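> Just passing along the structure, written as structure tokens.
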2 protein chains.
Amino acid sequence: MPLKYPNGKKYNPKRTLSKPNSVNKKDERYSNRGMTLEEDINETNEYYRAHGIAVIHKKPVPLQIVNVHYPKRSAAVVTEAYFKKPSTTDYNGVYKGKYIDFEAKETKNKTSFPLKNFHDHQITHMRQVTEQGGLAFALLRFTVTDEVYFLHAEALFAFLEDNADKRKSIPKKDIEERGILIPLGFHPRIDYLKILDKIITDI
Amino acid sequence: MPLKYPNGKKYNPKRTLSKPNSVNKKDERYSNRGMTLEEDINETNEYYRAHGIAVIHKKPVPLQIVNVHYPKRSAAVVTEAYFKKPSTTDYNGVYKGKYIDFEAKETKNKTSFPLKNFHDHQITHMRQVTEQGGLAFALLRFTVTDEVYFLHAEALFAFLEDNADKRKSIPKKDIEERGILIPLGFHPRIDYLKILDKIITDI
């Protein structure tokens, strides 16, 4: 079975290089421009950095490099590498001195969020971060309705414990109850730090 | 000119897969086993994680992926990718709730540390982290004498400002004065968090 890119999709490097091809027939509001969640978060993080609000980066895709070619007079080329499962979440950084750590996932489902989107080691990592006093959470997007929820790691853990072996997804109503809907904006697009300000009293 | 791996060396994937080939003719104490600084730090970080002391990871090598091949019934293969300059330091994570961020560099020089080892954007990143209240620093190894120094980002910035355009390296005596020599151990090998405990009073 082909090992696909960690989010379960094939890797398409052109996706971020070309302008997004809108295949969305719905109302084209600013909050729904055919951007991926990753693109929206990257732009949000750039906004945070440019305005001195926070320093948060996406980690590079982890690859197992097997072969590198060193041609004369030109750049080294990786000619064989394989995608590895990341051992951590994708995003981390610093906000007001605090360690911030999160994973961003999206689904086309309308009524629930598939748990297979979270790898075990990512959950383990979020637990370790929480034990160390870091702020761990997930950003979950329902692409069809273009809703992005902030789900605190404690809420995610509680859900996983309450429902161990029973469900393979989190019903959307539970995310609505335990998470916080992030109002989408233009600049920044997904202002998740505003949510942190509200829920973390000691920040 | 070939773009080499960010540390200026060619990438050697076998380095971490095979047992280290000791080419060191000197005294083979535990603190000098032909390990790279990266290997020593990775083992130190594993120790910290395993003992619930801190959660600190090395970031994956950033690559610009150009081509991916998806063979039937086997794993996706990256067939063309190029090394990119990292936009951040290599290591970050959380210790006692605080954001930790550092770069590790080694040199074969005996009397000074070449500044070309630090990219401008890494210095910029360390400044941003410091402004956000994160703890940024560098671990510098003199490989010949197997000495590892902890250099606080503020000390690095001060040196860069005092010596702008004058020097291309930091004299070792300045690192001895402004940095802290880390005693090397077996488990963990480079206990840099012990240094943080000493110098950061509010941690």
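Please note that chains go A, B, ... in the order of the structure tokens, that every chain numbers its residues from 1, and that ligands are numbered from 1 in the order shown.
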For chain A, work out the contacting residues on chain B at 7 Å, counting only C-alpha atoms, and write them as a PyMOL selection string.
chain B and resi 1-4+13+54-55+59-62+65-66+72-82+94-99+128-129+132-134
> Give me a file of those residues, with C-alpha atoms, as a PDB file, in the first residue's frame.

ATOM      1  CA  MET B   1      28.431  26.210  -6.804  1.00  0.00           C
ATOM      2  CA  PRO B   2      26.770  23.242  -5.155  1.00  0.00           C
ATOM      3  CA  LEU B   3      24.407  24.111  -2.350  1.00  0.00           C
ATOM      4  CA  LYS B   4      25.668  21.996   0.454  1.00  0.00           C
ATOM      5  CA  PRO B  13      22.513   9.752   5.532  1.00  0.00           C
ATOM      6  CA  ALA B  54      11.389  18.550  28.978  1.00  0.00           C
ATOM      7  CA  VAL B  55       9.937  18.025  25.499  1.00  0.00           C
ATOM      8  CA  LYS B  59      13.174  20.026  13.512  1.00  0.00           C
ATOM      9  CA  PRO B  60      13.276  18.011  10.291  1.00  0.00           C
ATOM     10  CA  VAL B  61      15.654  19.177   7.551  1.00  0.00           C
ATOM     11  CA  PRO B  62      13.691  21.617   5.359  1.00  0.00           C
ATOM     12  CA  ILE B  65      10.039  18.935  -2.782  1.00  0.00           C
ATOM     13  CA  VAL B  66       9.800  19.103  -6.574  1.00  0.00           C
ATOM     14  CA  LYS B  72       1.563   1.085  -7.165  1.00  0.00           C
ATOM     15  CA  ARG B  73       1.693  -1.077  -4.041  1.00  0.00           C
ATOM     16  CA  SER B  74       4.686   0.658  -2.540  1.00  0.00           C
ATOM     17  CA  ALA B  75       5.600   3.798  -0.681  1.00  0.00           C
ATOM     18  CA  ALA B  76       5.607   7.223  -2.294  1.00  0.00           C
ATOM     19  CA  VAL B  77       9.154   8.247  -3.247  1.00  0.00           C
ATOM     20  CA  VAL B  78      10.441  11.788  -3.365  1.00  0.00           C
ATOM     21  CA  THR B  79      12.576  11.729  -6.509  1.00  0.00           C
ATOM     22  CA  GLU B  80      13.636  15.371  -6.622  1.00  0.00           C
ATOM     23  CA  ALA B  81      14.084  17.741  -3.717  1.00  0.00           C
ATOM     24  CA  TYR B  82      16.521  20.481  -2.729  1.00  0.00           C
ATOM     25  CA  VAL B  94       9.118  23.277  26.267  1.00  0.00           C
ATOM     26  CA  TYR B  95      10.789  23.156  29.688  1.00  0.00           C
ATOM     27  CA  LYS B  96       8.790  24.005  32.808  1.00  0.00           C
ATOM     28  CA  GLY B  97       6.214  25.751  30.644  1.00  0.00           C
ATOM     29  CA  LYS B  98       8.850  27.976  29.047  1.00  0.00           C
ATOM     30  CA  TYR B  99       9.626  28.077  25.366  1.00  0.00           C
ATOM     31  CA  GLN B 128      12.151  37.389  17.768  1.00  0.00           C
ATOM     32  CA  VAL B 129      12.051  34.513  20.241  1.00  0.00           C
ATOM     33  CA  GLN B 132       8.513  37.054  22.907  1.00  0.00           C
ATOM     34  CA  GLY B 133       9.980  35.971  26.235  1.00  0.00           C
ATOM     35  CA  GLY B 134      11.350  32.674  24.959  1.00  0.00           C
TER      36      GLY B 134
END
> Would you mind telling me which residue in A:Phe186, A:Tyr192, A:Phe157, A:Phe142 lies nearest to A:Asp120 when using only C-alpha atoms?
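Among the listed residues, A:Phe157 lies closest to A:Asp120.
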> Could you please determine the separation between atom CA of B:Glu46 and atom CA of A:Lys85 in Å, to one decimal place?
17.6 Å
> Distance atom CA of A:Leu115-atom CA of A:Glu39, one decimal place?
22.1 Å
> Could you work out how far atom CA of B:Gly179 lies from atom CA of B:Leu193, giving the answer in Å with one decimal?
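Between these atoms lies a distance of 14.2 Å.
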> Neighbouring residues of B:Leu181 were defined as those with any atom within 7 Å, considering only C-alpha atoms; residues of the same chain fewer than 3 positions away were excluded. Please report them as a list in words.
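Result of the neighbour search: Val148, Tyr149 and Phe150 of chain B.
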> Since we have the selection now, will you write its residues out, keeping N, CA and C atoms, as a compact mmCIF listing (two decimals), in the first residue's frame?

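File produced: out.txt:
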# COMPACT_ATOMS: atom_id res chain seq x y z
N VAL B 148 31.91 21.75 24.92
CA VAL B 148 30.63 22.31 24.48
C VAL B 148 30.28 23.48 25.39
N TYR B 149 30.07 24.64 24.76
CA TYR B 149 29.72 25.85 25.51
C TYR B 149 28.26 26.20 25.29
N PHE B 150 27.64 26.65 26.37
CA PHE B 150 26.30 27.23 26.32
C PHE B 150 26.50 28.74 26.15
> Given the choices B:Lys110, B:Asp146, B:Glu154, B:Leu140, which gets closest to B:Ile123 if the distance is worked out from only C-alpha atoms?
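Smallest separation from B:Ile123 among the options: B:Glu154.
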> Write down as a PyMOL selection string the residues of stretch 69-189 of chain B whose backbone DSSP state falls under helix (DSSP H, G or I).
chain B and resi 115-117+120-131+153-162+172-178
> Taking N, CA and C atoms for each residue, export the selection above as a short mmCIF file (atom, residue, chain, number, x, y, z; two decimals), in the first residue's frame.

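Output file again04.cif is given in full below:
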data_model
loop_
_atom_site.label_atom_id
_atom_site.label_comp_id
_atom_site.auth_asym_id
_atom_site.auth_seq_id
_atom_site.Cartn_x
_atom_site.Cartn_y
_atom_site.Cartn_z
N LEU B 115 31.66 32.75 12.51
CA LEU B 115 30.30 33.29 12.55
C LEU B 115 29.49 32.91 11.33
N LYS B 116 30.16 32.49 10.27
CA LYS B 116 29.40 32.08 9.08
C LYS B 116 28.51 30.88 9.40
N ASN B 117 28.80 30.21 10.50
CA ASN B 117 27.94 29.10 10.91
C ASN B 117 26.53 29.55 11.27
N ASP B 120 21.87 34.69 8.94
CA ASP B 120 21.19 35.91 9.39
C ASP B 120 19.78 35.63 9.89
N HIS B 121 19.06 34.77 9.15
CA HIS B 121 17.66 34.53 9.53
C HIS B 121 17.58 33.75 10.84
N GLN B 122 18.65 33.00 11.16
CA GLN B 122 18.64 32.31 12.46
C GLN B 122 18.82 33.31 13.60
N ILE B 123 19.68 34.29 13.36
CA ILE B 123 19.87 35.36 14.36
C ILE B 123 18.56 36.14 14.52
N THR B 124 17.94 36.48 13.38
CA THR B 124 16.65 37.18 13.42
C THR B 124 15.63 36.38 14.22
N HIS B 125 15.59 35.10 13.95
CA HIS B 125 14.65 34.23 14.67
C HIS B 125 14.93 34.25 16.17
N MET B 126 16.20 34.18 16.54
CA MET B 126 16.55 34.18 17.97
C MET B 126 16.18 35.50 18.63
N ARG B 127 16.29 36.59 17.88
CA ARG B 127 15.88 37.90 18.41
C ARG B 127 14.36 37.93 18.63
N GLN B 128 13.61 37.41 17.65
CA GLN B 128 12.15 37.39 17.77
C GLN B 128 11.73 36.55 18.97
N VAL B 129 12.38 35.41 19.13
CA VAL B 129 12.05 34.51 20.24
C VAL B 129 12.32 35.22 21.57
N THR B 130 13.46 35.90 21.66
CA THR B 130 13.82 36.60 22.88
C THR B 130 12.81 37.70 23.19
N GLU B 131 12.39 38.43 22.14
CA GLU B 131 11.38 39.49 22.32
C GLU B 131 10.06 38.93 22.83
N ALA B 153 21.57 33.73 24.02
CA ALA B 153 21.35 34.56 22.84
C ALA B 153 21.77 36.00 23.08
N GLU B 154 21.51 36.53 24.27
CA GLU B 154 21.88 37.92 24.57
C GLU B 154 23.39 38.11 24.43
N ALA B 155 24.15 37.11 24.85
CA ALA B 155 25.61 37.18 24.73
C ALA B 155 26.02 37.14 23.26
N LEU B 156 25.33 36.31 22.49
CA LEU B 156 25.61 36.22 21.06
C LEU B 156 25.29 37.55 20.38
N PHE B 157 24.12 38.14 20.71
CA PHE B 157 23.73 39.42 20.11
C PHE B 157 24.75 40.50 20.49
N ALA B 158 25.13 40.52 21.77
CA ALA B 158 26.08 41.54 22.24
C ALA B 158 27.39 41.42 21.47
N PHE B 159 27.83 40.19 21.27
CA PHE B 159 29.06 40.01 20.53
C PHE B 159 28.92 40.52 19.10
N LEU B 160 27.81 40.18 18.46
CA LEU B 160 27.60 40.60 17.08
C LEU B 160 27.54 42.13 16.96
N GLU B 161 26.92 42.77 17.95
CA GLU B 161 26.81 44.23 17.91
C GLU B 161 28.15 44.91 18.18
N ASP B 162 28.89 44.38 19.16
CA ASP B 162 30.19 44.96 19.50
C ASP B 162 31.17 44.83 18.34
N LYS B 172 37.81 32.23 20.91
CA LYS B 172 37.41 31.26 21.92
C LYS B 172 37.43 31.87 23.33
N LYS B 173 38.37 32.78 23.56
CA LYS B 173 38.43 33.38 24.91
C LYS B 173 37.16 34.16 25.24
N ASP B 174 36.52 34.75 24.19
CA ASP B 174 35.26 35.45 24.43
C ASP B 174 34.14 34.46 24.76
N ILE B 175 34.17 33.31 24.10
CA ILE B 175 33.17 32.29 24.40
C ILE B 175 33.38 31.75 25.81
N GLU B 176 34.64 31.62 26.21
CA GLU B 176 34.94 31.17 27.57
C GLU B 176 34.44 32.18 28.60
N GLU B 177 34.56 33.48 28.24
CA GLU B 177 34.13 34.54 29.16
C GLU B 177 32.61 34.69 29.21
N ARG B 178 32.00 34.72 28.03
CA ARG B 178 30.56 35.03 27.98
C ARG B 178 29.68 33.79 27.99
#
> With only C-alpha atoms as the basis for distance, which of A:Tyr48, A:Glu147, A:Lys108, A:Phe118 is at the shortest distance from A:Leu184?
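Distance minimum relative to A:Leu184 lands on A:Glu147.
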> Could you name the residues that touch A:Leu139 at 8 Å or less, counting only C-alpha atoms, but leaving out those on the same chain fewer than 2 positions away, as a VMD selection string?
chain A and resid 102 to 105 137 141 148 to 151
> Could you tell me which of B:Pro183, B:Asp90, B:Pro114, B:Lys194 comes closest to B:Ser169 if we count only C-alpha atoms?
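Comparing B:Pro183, B:Asp90, B:Pro114, B:Lys194 against B:Ser169, the winner is B:Pro114.
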